[in-house]
Amino acid sequence: MKFHNQVLLAMVLGAGLGLLLDEQGTLAGLPLLGALTLVGTLFINALKMVVVPLVTSAIISGITNIGGGTHLGRLGGKTVAYYLLTTLIAVLVGLVLANLLTPGEVDGQPAGDQLGLSADTDDALAGMAGRGAGDFAGILLKALPPNIVAAAVNGQLLGLIVFALLFGIFLRAADSTGAARLRETIDGLYETMMALTLFVIRFAPLGVFALVGKTAATTGYEAIEPLAWFFVTVVAALFLHAAVIMPLLIRLVARRSPVRHARAMMPALLTAFSSASSSATLPMTLECVEKRAGVSNRSASFVLPLGATMNMDGTALYECVAVLFIAQAYGMDLSIAQQASVVVIALLTSIGVAGIPSASLVAITVILGTLGLPAEAIGLILATDRLLDMFRTAVNVWGDSVGAVLVARSEGEEQVLTADMDDAWRASTS
Ligand code: ASP
């Protein structure tokens, strides 16, 4: 069975098993929820374990192998332009659908009273500390951490990435035997980390099975029911962005098959979906983009790590829909100017949001604040947050991977998504 089908099957089986568990998380007396939680956590831990050395060595070796003086600036320019443009498109898709479907209204009336505020709002607000930079200054401060070791310890990838970029730039320019040796050593470190990552990824079917099983067992459908229309609006907007607009970019700009790219990315997308964390998925994304889609290390290692922390199409879209939904539910009519400010803040905060579960909630409270809505209004959307987090994280990772393909193609990489990379990849894992 192909690897991505194994992961897909594991997801379906995991969801099935999760739904069979009773309230105590047991099935026929067996404490399965505990086992699923343990296995899922082990898988996420293993992915997180490789992130720091993998990402730093990938970026440094990618940059030192870029070659030519102006290439780096060009690559950087294209990457950032792609991030901003596609995130803006995503927010606009969310804006249009939220206005068309008005999920916060029932029969033209604000739905606030019917929805009621969920009781655990305070806990949610308290738990938000440290989940992401709320404002622009916060993003800058995180990009230049005073201590890279502390940044790595705290999973602050953005600071680590900036340091790795700078390190790569200066190592690339250094002209001594010592520097040449260091470049070789870091190439070797990167190869080793990739091999180790591949090993971890082989456990993806098991990890995804456990993660999805746990979520299915602990997230009840009842909680979502009153929010069904909000749920549908977000998923429809994410779908439009990921399954219509992105494929058009792959087809028209990169001139490659979007279906083939989706197949190549499937393990990473399913991991993003089940883990709700782009940072934890990053090792998987790198592997799929390089080995299965055929993007060079030079492009992938530049576009993807930055993308995993800065380019969040799904998150930006979600922030926009969520804020509009809350405003509608409170009966607040947003002017064009206010909606425009929601677009801009959603775009900026999505850059600062960390690639971890529920990170968007912080950004949403920031936008609510600027509109004069109470932060507690976030309680309206808590029930659906976990499930929607899975969808938006998959879209975040998908957006990064499409960026890697576009940048690689614009750099003249012919091998991207041509030969059946999937089979080549499978051969290399067996
Ligand atoms: N969980 C998302 C991610 O890791 C961030 C968010 O939207 O909460 O990409």
# chains A, B, ... in the order shown; residues from 1 in each chain; ligands from 1
$ residues_near_ligand --ligand "ligand 1" --cutoff "6 Å" --atoms "only C-alpha atoms and all ligand atoms" --output "list in words"
Ala276, Ser277, Ser278, Thr315, Gly355, Ile356, Pro357, Ser358, Ala359, Ser360, Asp389, Thr393 and Asn396 of chain A
$ write_last_selection --atoms "N, CA, C and O atoms" --output "compact mmCIF listing (two decimals), in the first residue's frame"
# COMPACT_ATOMS: atom_id res chain seq x y z
N ALA A 276 -2.53 19.59 14.27
CA ALA A 276 -2.88 21.01 14.39
C ALA A 276 -1.67 21.88 14.72
O ALA A 276 -1.78 22.88 15.41
N SER A 277 -0.50 21.48 14.23
CA SER A 277 0.69 22.30 14.45
C SER A 277 1.59 22.30 13.22
O SER A 277 2.12 21.27 12.82
N SER A 278 1.74 23.48 12.60
CA SER A 278 2.61 23.55 11.42
C SER A 278 4.06 23.34 11.81
O SER A 278 4.83 22.79 11.03
N THR A 315 -4.82 30.21 8.76
CA THR A 315 -4.96 30.96 10.01
C THR A 315 -5.51 32.36 9.75
O THR A 315 -6.44 32.81 10.42
N GLY A 355 3.27 28.33 15.12
CA GLY A 355 2.68 27.16 14.46
C GLY A 355 2.30 26.07 15.43
O GLY A 355 2.75 24.93 15.30
N ILE A 356 1.51 26.42 16.43
CA ILE A 356 1.11 25.44 17.45
C ILE A 356 -0.42 25.45 17.58
O ILE A 356 -1.06 26.40 17.13
N PRO A 357 -0.99 24.42 18.19
CA PRO A 357 -2.45 24.36 18.26
C PRO A 357 -3.07 25.59 18.92
O PRO A 357 -2.52 26.13 19.88
N SER A 358 -4.20 26.00 18.37
CA SER A 358 -5.01 27.11 18.91
C SER A 358 -4.32 28.47 18.95
O SER A 358 -4.79 29.38 19.63
N ALA A 359 -3.23 28.62 18.24
CA ALA A 359 -2.49 29.88 18.31
C ALA A 359 -3.31 31.06 17.77
O ALA A 359 -3.15 32.19 18.22
N SER A 360 -4.21 30.79 16.84
CA SER A 360 -5.00 31.89 16.27
C SER A 360 -5.81 32.65 17.30
O SER A 360 -6.12 33.83 17.11
N ASP A 389 -9.06 24.02 13.79
CA ASP A 389 -7.60 24.15 13.84
C ASP A 389 -6.97 23.10 12.92
O ASP A 389 -5.98 23.36 12.22
N THR A 393 -4.71 24.32 9.82
CA THR A 393 -3.29 23.97 9.84
C THR A 393 -2.91 23.22 8.56
O THR A 393 -1.85 23.46 7.99
N ASN A 396 -2.51 25.78 6.04
CA ASN A 396 -1.24 26.49 6.24
C ASN A 396 -0.07 25.73 5.59
O ASN A 396 0.75 26.30 4.87
$ residues_around --residues "A:Tyr318" --least-positions-apart "2" --cutoff "12 Å" --atoms "only C-alpha atoms" --output "PyMOL selection string"
chain A and resi 87+90-95+97-98+230-239+241+312-316+320-325+342-343+346-347+349-350+358-361+363-364+381+384-385+388-393+395-396
$ residues_around --residues "A:Ala137" --least-positions-apart "4" --cutoff "12 Å" --atoms "only C-alpha atoms" --output "JSON, numbers by chain"
{"A": [132, 133, 141, 142, 143, 144, 348, 349, 351, 352]}
$ write_last_selection --atoms "N, CA, C and O atoms" --output "PDB file, in the first residue's frame"
ATOM      1  N   GLY A 132       1.589  33.393  20.859  1.00  0.00           N
ATOM      2  CA  GLY A 132       1.976  34.074  19.625  1.00  0.00           C
ATOM      3  C   GLY A 132       2.087  35.556  19.877  1.00  0.00           C
ATOM      4  O   GLY A 132       1.598  36.063  20.877  1.00  0.00           O
ATOM      5  N   ALA A 133       2.736  36.235  18.973  1.00  0.00           N
ATOM      6  CA  ALA A 133       2.883  37.668  19.110  1.00  0.00           C
ATOM      7  C   ALA A 133       1.584  38.300  18.679  1.00  0.00           C
ATOM      8  O   ALA A 133       1.051  37.979  17.640  1.00  0.00           O
ATOM      9  N   LEU A 141      10.158  41.528  17.920  1.00  0.00           N
ATOM     10  CA  LEU A 141      10.921  41.103  19.090  1.00  0.00           C
ATOM     11  C   LEU A 141      11.184  39.600  19.044  1.00  0.00           C
ATOM     12  O   LEU A 141      12.246  39.137  19.472  1.00  0.00           O
ATOM     13  N   LYS A 142      10.230  38.857  18.522  1.00  0.00           N
ATOM     14  CA  LYS A 142      10.433  37.414  18.457  1.00  0.00           C
ATOM     15  C   LYS A 142      11.419  37.037  17.348  1.00  0.00           C
ATOM     16  O   LYS A 142      12.085  36.007  17.422  1.00  0.00           O
ATOM     17  N   ALA A 143      11.488  37.883  16.311  1.00  0.00           N
ATOM     18  CA  ALA A 143      12.389  37.586  15.205  1.00  0.00           C
ATOM     19  C   ALA A 143      13.850  37.772  15.608  1.00  0.00           C
ATOM     20  O   ALA A 143      14.745  37.168  15.032  1.00  0.00           O
ATOM     21  N   LEU A 144      14.086  38.643  16.594  1.00  0.00           N
ATOM     22  CA  LEU A 144      15.464  38.843  17.058  1.00  0.00           C
ATOM     23  C   LEU A 144      15.549  38.516  18.539  1.00  0.00           C
ATOM     24  O   LEU A 144      15.534  39.406  19.384  1.00  0.00           O
ATOM     25  N   LEU A 348      -1.317  40.613   9.190  1.00  0.00           N
ATOM     26  CA  LEU A 348      -0.109  40.826   9.995  1.00  0.00           C
ATOM     27  C   LEU A 348      -0.001  39.838  11.148  1.00  0.00           C
ATOM     28  O   LEU A 348       1.073  39.279  11.392  1.00  0.00           O
ATOM     29  N   THR A 349      -1.125  39.626  11.856  1.00  0.00           N
ATOM     30  CA  THR A 349      -1.022  38.739  13.028  1.00  0.00           C
ATOM     31  C   THR A 349      -0.767  37.298  12.602  1.00  0.00           C
ATOM     32  O   THR A 349      -0.117  36.554  13.320  1.00  0.00           O
ATOM     33  N   ILE A 351       1.238  36.344  10.575  1.00  0.00           N
ATOM     34  CA  ILE A 351       2.695  36.198  10.454  1.00  0.00           C
ATOM     35  C   ILE A 351       3.311  35.912  11.821  1.00  0.00           C
ATOM     36  O   ILE A 351       4.247  35.132  11.956  1.00  0.00           O
ATOM     37  N   GLY A 352       2.733  36.554  12.854  1.00  0.00           N
ATOM     38  CA  GLY A 352       3.327  36.409  14.183  1.00  0.00           C
ATOM     39  C   GLY A 352       2.829  35.204  14.958  1.00  0.00           C
ATOM     40  O   GLY A 352       3.456  34.794  15.925  1.00  0.00           O
TER      41      GLY A 352
END
$ residues_around --residues "A:Ser299" --least-positions-apart "2" --cutoff "7 Å" --atoms "only C-alpha atoms" --output "list in words"
Val295, Ser296, Asn297, Ser301, Phe302, Val303, Ala404, Val407 and Ala408 of chain A
$ closest_residue --among "A:Leu317, A:Leu33, A:Val289, A:Leu306" --to "A:Ala354" --atoms "only C-alpha atoms"
A:Leu306
$ closest_residue --among "A:Gly307, A:Gly168, A:Gly178, A:Gly331" --to "A:Gly399" --atoms "only C-alpha atoms"
A:Gly307
$ residues_around --residues "stretch 182-196 of chain A" --least-positions-apart "6" --cutoff "12 Å" --atoms "only C-alpha atoms" --output "PyMOL selection string"
chain A and resi 46-47+49-65+164+167-176+202-203+282-288+290-291+297-298+301+428-429
$ closest_residue --among "A:Gly213, A:Ser410, A:Met265, A:Ala111" --to "A:Val39" --atoms "only C-alpha atoms"
A:Gly213
